[in-house]
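Since the structure comes first, as structure tokens, the remarks are kept for the end.
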Amino acid sequence: MVYSVVVMSDKMYDELALERTIKAQFGVDADVRQTIVSHSSVSRTAEATLFLTSKKQLYVYINGQSKFLLSDIKKLVARMGLKAELYIPPKGRPHYFDEVGRSKFREVFPGRANISESDIIFYRTLAPYNPALVLISEVKNGEVYQFDTDSSGQWRVAVKFAYRRIRTS
């Protein structure tokens with residue numbers, strides 16, 4: 001009986017800590033209504049928490065010890081069986097990925113003056129992005145995967161969860 005109270009308070013503490021971290025780092029008010037997967041391995045050095053907000057939005061929060069780029073986060077999200085809708089930039093920098101993309105592009109092509117959006121598509125993916133917060137639009141095949149070195153392909157089903165966001169105008 002006492003054990004369930006301790007586990008419940010740990011879960012509530014984790015959710016509260018996650019809400020505060022997201023608010024501080026990304027400026028997003030995400031009140032966690034339900035945690036789908038908590039502290040799941042997504043690489044040898046990173047873990048992810050998948051959760052639903054009270055507005056029924058699905059987010060994944062990824063953090064780790066390594067230096068991750070936006071391209072790494074995109075791969076991890078896809079390997080988890082999720083379809084991303086929006087990669088949330090750090091708080092106070094709404095054009096963060098474009099800024100870094102333009103900077104990296106200028107390093108490679110210092111003489112170019114007019115830089116278009118299509119020029120920086122690749123360079124945007126080189127932006128450092130750890131921790132990461134991603135708004136999810138769909139869980140493919142109704143399964144969320146986690147990293148597992150012992151399974152074939154190094155990914156196994158962590159939880160079955162059906163979700164698809166229906167866009168409204």
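The way I read the labels, and the way they are meant: chains A, B, ... in the order of the structure tokens, residue 1 as the first residue of every chain, and ligand 1 as the first ligand shown, with later ones counted on from there.
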Range 4-119 of chain A: residues DSSP assigns to strand (DSSP E), reported as a VMD selection string: chain A and resid 32 to 41 46 to 53 58 to 64 82 to 88
Distance query Phe147 in chain A at most 8 Å, only C-alpha atoms, self and fewer than 2 positions along chain excluded, as a VMD selection string: chain A and resid 40 to 44 145 149 154 to 156
Shell around Tyr59 in chain A at 9 Å using only C-alpha atoms, local window under 2 positions removed, as JSON, numbers by chain: {"A": [30, 49, 50, 51, 52, 53, 57, 61, 133, 134, 135, 136, 137]}
Residue subset to file, keeping N, CA, C and O atoms, as a compact mmCIF listing (two decimals), in the first residue's frame:
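Wrote it out as selection_19.txt, contents follow:
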```txt
# COMPACT_ATOMS: atom_id res chain seq x y z
N ALA A 30 3.08 23.07 -21.39
CA ALA A 30 2.62 21.72 -21.68
C ALA A 30 2.26 21.05 -20.36
O ALA A 30 3.13 20.52 -19.68
N THR A 49 10.78 10.89 -23.43
CA THR A 49 9.52 10.80 -22.71
C THR A 49 8.42 11.25 -23.66
O THR A 49 8.49 12.35 -24.20
N LEU A 50 7.46 10.38 -23.87
CA LEU A 50 6.34 10.66 -24.76
C LEU A 50 5.12 10.92 -23.89
O LEU A 50 4.81 10.11 -23.00
N PHE A 51 4.44 12.05 -24.12
CA PHE A 51 3.32 12.39 -23.25
C PHE A 51 2.23 13.15 -24.00
O PHE A 51 2.48 13.78 -25.02
N LEU A 52 1.03 13.05 -23.45
CA LEU A 52 -0.15 13.78 -23.93
C LEU A 52 -0.40 14.95 -23.01
O LEU A 52 -0.28 14.83 -21.79
N THR A 53 -0.77 16.10 -23.59
CA THR A 53 -1.12 17.26 -22.77
C THR A 53 -2.63 17.28 -22.55
O THR A 53 -3.36 16.47 -23.15
N GLN A 57 -2.53 17.07 -27.19
CA GLN A 57 -1.39 17.14 -28.10
C GLN A 57 -0.34 16.15 -27.61
O GLN A 57 -0.11 16.03 -26.40
N TYR A 61 9.83 14.42 -25.64
CA TYR A 61 10.94 15.21 -25.11
C TYR A 61 12.16 14.28 -25.10
O TYR A 61 12.12 13.21 -24.48
N LEU A 133 12.29 19.02 -28.15
CA LEU A 133 10.86 18.87 -27.92
C LEU A 133 10.18 18.86 -29.28
O LEU A 133 10.35 19.78 -30.07
N VAL A 134 9.43 17.79 -29.54
CA VAL A 134 8.81 17.61 -30.85
C VAL A 134 7.32 17.36 -30.68
O VAL A 134 6.91 16.51 -29.89
N LEU A 135 6.53 18.13 -31.43
CA LEU A 135 5.08 17.92 -31.48
C LEU A 135 4.83 16.80 -32.48
O LEU A 135 5.29 16.86 -33.62
N ILE A 136 4.11 15.79 -32.06
CA ILE A 136 3.89 14.59 -32.88
C ILE A 136 2.51 14.65 -33.52
O ILE A 136 1.53 14.99 -32.86
N SER A 137 2.45 14.31 -34.81
CA SER A 137 1.17 14.30 -35.50
C SER A 137 0.56 12.91 -35.60
O SER A 137 -0.65 12.77 -35.77
```
Using only C-alpha atoms: which of A:Glu19, A:Asp150, A:Asp14, A:Glu138 has the shortest distance to Ser38 in chain A: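 Among A:Glu19, A:Asp150, A:Asp14, A:Glu138, it is A:Asp14 that comes nearest to Ser38 in chain A.
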Separation of CA of Val157 in chain A from CA of Glu143 in chain A, in Å and rounded to one decimal: 6.3 Å
Pairwise distance for CA of Ala48 in chain A and CA of Ala24 in chain A, rounded to one decimal in Å: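 A separation of 17.7 Å between them.
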All residues 7 Å or closer to Phe105 in chain A, only C-alpha atoms, same chain fewer than 3 positions away omitted, as a PDB file with N, CA, C and O atoms, in the first residue's frame:
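So the final result, stored in selection.pdb, reads:
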```
ATOM      1  N   GLY A 101      21.085  27.491 -39.777  1.00  0.00           N
ATOM      2  CA  GLY A 101      21.221  27.057 -41.171  1.00  0.00           C
ATOM      3  C   GLY A 101      21.914  28.108 -42.024  1.00  0.00           C
ATOM      4  O   GLY A 101      22.812  27.802 -42.805  1.00  0.00           O
ATOM      5  N   ARG A 102      21.533  29.360 -41.861  1.00  0.00           N
ATOM      6  CA  ARG A 102      22.167  30.451 -42.612  1.00  0.00           C
ATOM      7  C   ARG A 102      23.636  30.599 -42.223  1.00  0.00           C
ATOM      8  O   ARG A 102      24.495  30.811 -43.080  1.00  0.00           O
ATOM      9  N   VAL A 108      30.225  27.623 -45.490  1.00  0.00           N
ATOM     10  CA  VAL A 108      30.568  26.828 -46.671  1.00  0.00           C
ATOM     11  C   VAL A 108      30.656  27.696 -47.922  1.00  0.00           C
ATOM     12  O   VAL A 108      31.534  27.511 -48.758  1.00  0.00           O
ATOM     13  N   PHE A 109      29.750  28.651 -48.062  1.00  0.00           N
ATOM     14  CA  PHE A 109      29.698  29.535 -49.225  1.00  0.00           C
ATOM     15  C   PHE A 109      29.794  30.997 -48.772  1.00  0.00           C
ATOM     16  O   PHE A 109      28.790  31.714 -48.770  1.00  0.00           O
ATOM     17  N   ILE A 120      19.112  26.598 -47.566  1.00  0.00           N
ATOM     18  CA  ILE A 120      19.492  26.222 -46.204  1.00  0.00           C
ATOM     19  C   ILE A 120      18.760  24.987 -45.672  1.00  0.00           C
ATOM     20  O   ILE A 120      18.916  24.641 -44.503  1.00  0.00           O
ATOM     21  N   TYR A 123      21.381  22.640 -44.305  1.00  0.00           N
ATOM     22  CA  TYR A 123      22.186  23.263 -43.248  1.00  0.00           C
ATOM     23  C   TYR A 123      21.377  23.493 -41.970  1.00  0.00           C
ATOM     24  O   TYR A 123      21.937  23.551 -40.877  1.00  0.00           O
TER      25      TYR A 123
END
```
From A:Lys104, A:Lys56, A:Arg167, A:Arg124, residue lying nearest Arg33 in chain A [only C-alpha atoms]: A:Lys56
Nearest residue to Thr35 in chain A from the set A:Met80, A:Ala113, A:Ala158, A:Leu58 (distances using only C-alpha atoms):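 Using only C-alpha atoms, Thr35 in chain A sits closest to A:Leu58.
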Neighbour list for Thr125 in chain A as a list of chain:residue names, cut-off 12 Å, only C-alpha atoms, skip fewer than 3 positions in-chain: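 Contacts, in chain order: A:Phe68, A:Leu69, A:Leu70, A:Ser71, A:Asp72, A:Ile73, A:Lys74, A:Lys75, A:Tyr87, A:Tyr96, A:Phe97, A:Asp98, A:Glu99, A:Val100, A:Gly101, A:Arg102, A:Lys104, A:Phe105, A:Ile120, A:Ile121, A:Phe122, A:Pro128, A:Tyr129.
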Contacts of Lys91 in chain A within 7 Å, only C-alpha atoms, excl. fewer than 5 positions in-chain, as a PyMOL selection string: chain A and resi 25-27
Alpha helix (DSSP H) positions in range 10-144 of chain A, given as an MDAnalysis selection string: chainID A and resid 10:26 70:79 96:108 121:124
Output file for the residues above (C-alpha atoms, as a compact mmCIF listing (two decimals), in the first residue's frame):
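The result, stored in result-v2.txt:
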```txt
# COMPACT_ATOMS: atom_id res chain seq x y z
CA ASP A 10 7.51 9.82 -8.15
CA LYS A 11 5.42 9.85 -11.32
CA MET A 12 3.80 13.15 -10.35
CA TYR A 13 7.21 14.61 -9.51
CA ASP A 14 8.61 13.48 -12.89
CA GLU A 15 5.66 15.07 -14.72
CA LEU A 16 6.00 18.33 -12.79
CA ALA A 17 9.74 18.43 -13.42
CA LEU A 18 9.15 17.77 -17.12
CA GLU A 19 6.56 20.57 -17.33
CA ARG A 20 8.96 23.02 -15.68
CA THR A 21 11.89 21.97 -17.88
CA ILE A 22 9.84 22.38 -21.04
CA LYS A 23 8.56 25.78 -19.91
CA ALA A 24 12.10 26.97 -19.09
CA GLN A 25 13.85 25.63 -22.20
CA PHE A 26 11.16 25.94 -24.87
CA LEU A 70 18.32 18.37 -35.58
CA SER A 71 19.07 15.61 -38.12
CA ASP A 72 19.81 13.14 -35.28
CA ILE A 73 16.55 14.01 -33.54
CA LYS A 74 14.64 13.54 -36.82
CA LYS A 75 16.12 10.03 -37.15
CA LEU A 76 15.32 9.14 -33.54
CA VAL A 77 11.72 10.33 -33.88
CA ALA A 78 11.27 8.28 -37.06
CA ARG A 79 12.84 5.17 -35.48
CA TYR A 96 16.68 29.20 -34.36
CA PHE A 97 16.95 26.49 -37.05
CA ASP A 98 16.97 29.07 -39.86
CA GLU A 99 19.60 31.19 -38.05
CA VAL A 100 21.92 28.23 -37.61
CA GLY A 101 21.22 27.06 -41.17
CA ARG A 102 22.17 30.45 -42.61
CA SER A 103 25.30 30.60 -40.47
CA LYS A 104 26.44 27.12 -41.56
CA PHE A 105 25.63 27.96 -45.19
CA ARG A 106 27.79 31.12 -44.99
CA GLU A 107 30.69 29.06 -43.60
CA VAL A 108 30.57 26.83 -46.67
CA ILE A 121 17.25 23.13 -46.05
CA PHE A 122 20.21 20.82 -45.41
CA TYR A 123 22.19 23.26 -43.25
CA ARG A 124 19.19 23.73 -40.94
```
Of the listed residues A:Asn63, A:Arg112, A:Lys83, A:His95, that which approaches Tyr163 in chain A most closely, counting only C-alpha atoms: A:Lys83
A:Val60, A:Ser54, A:Val28, A:Glu47 ranked by distance to Glu85 in chain A, top pick (using only C-alpha atoms): A:Val60
Distance criterion (only C-alpha atoms): nearest to Val139 in chain A out of A:Lys55, A:Ser116, A:Ala127, A:Leu82: A:Leu82
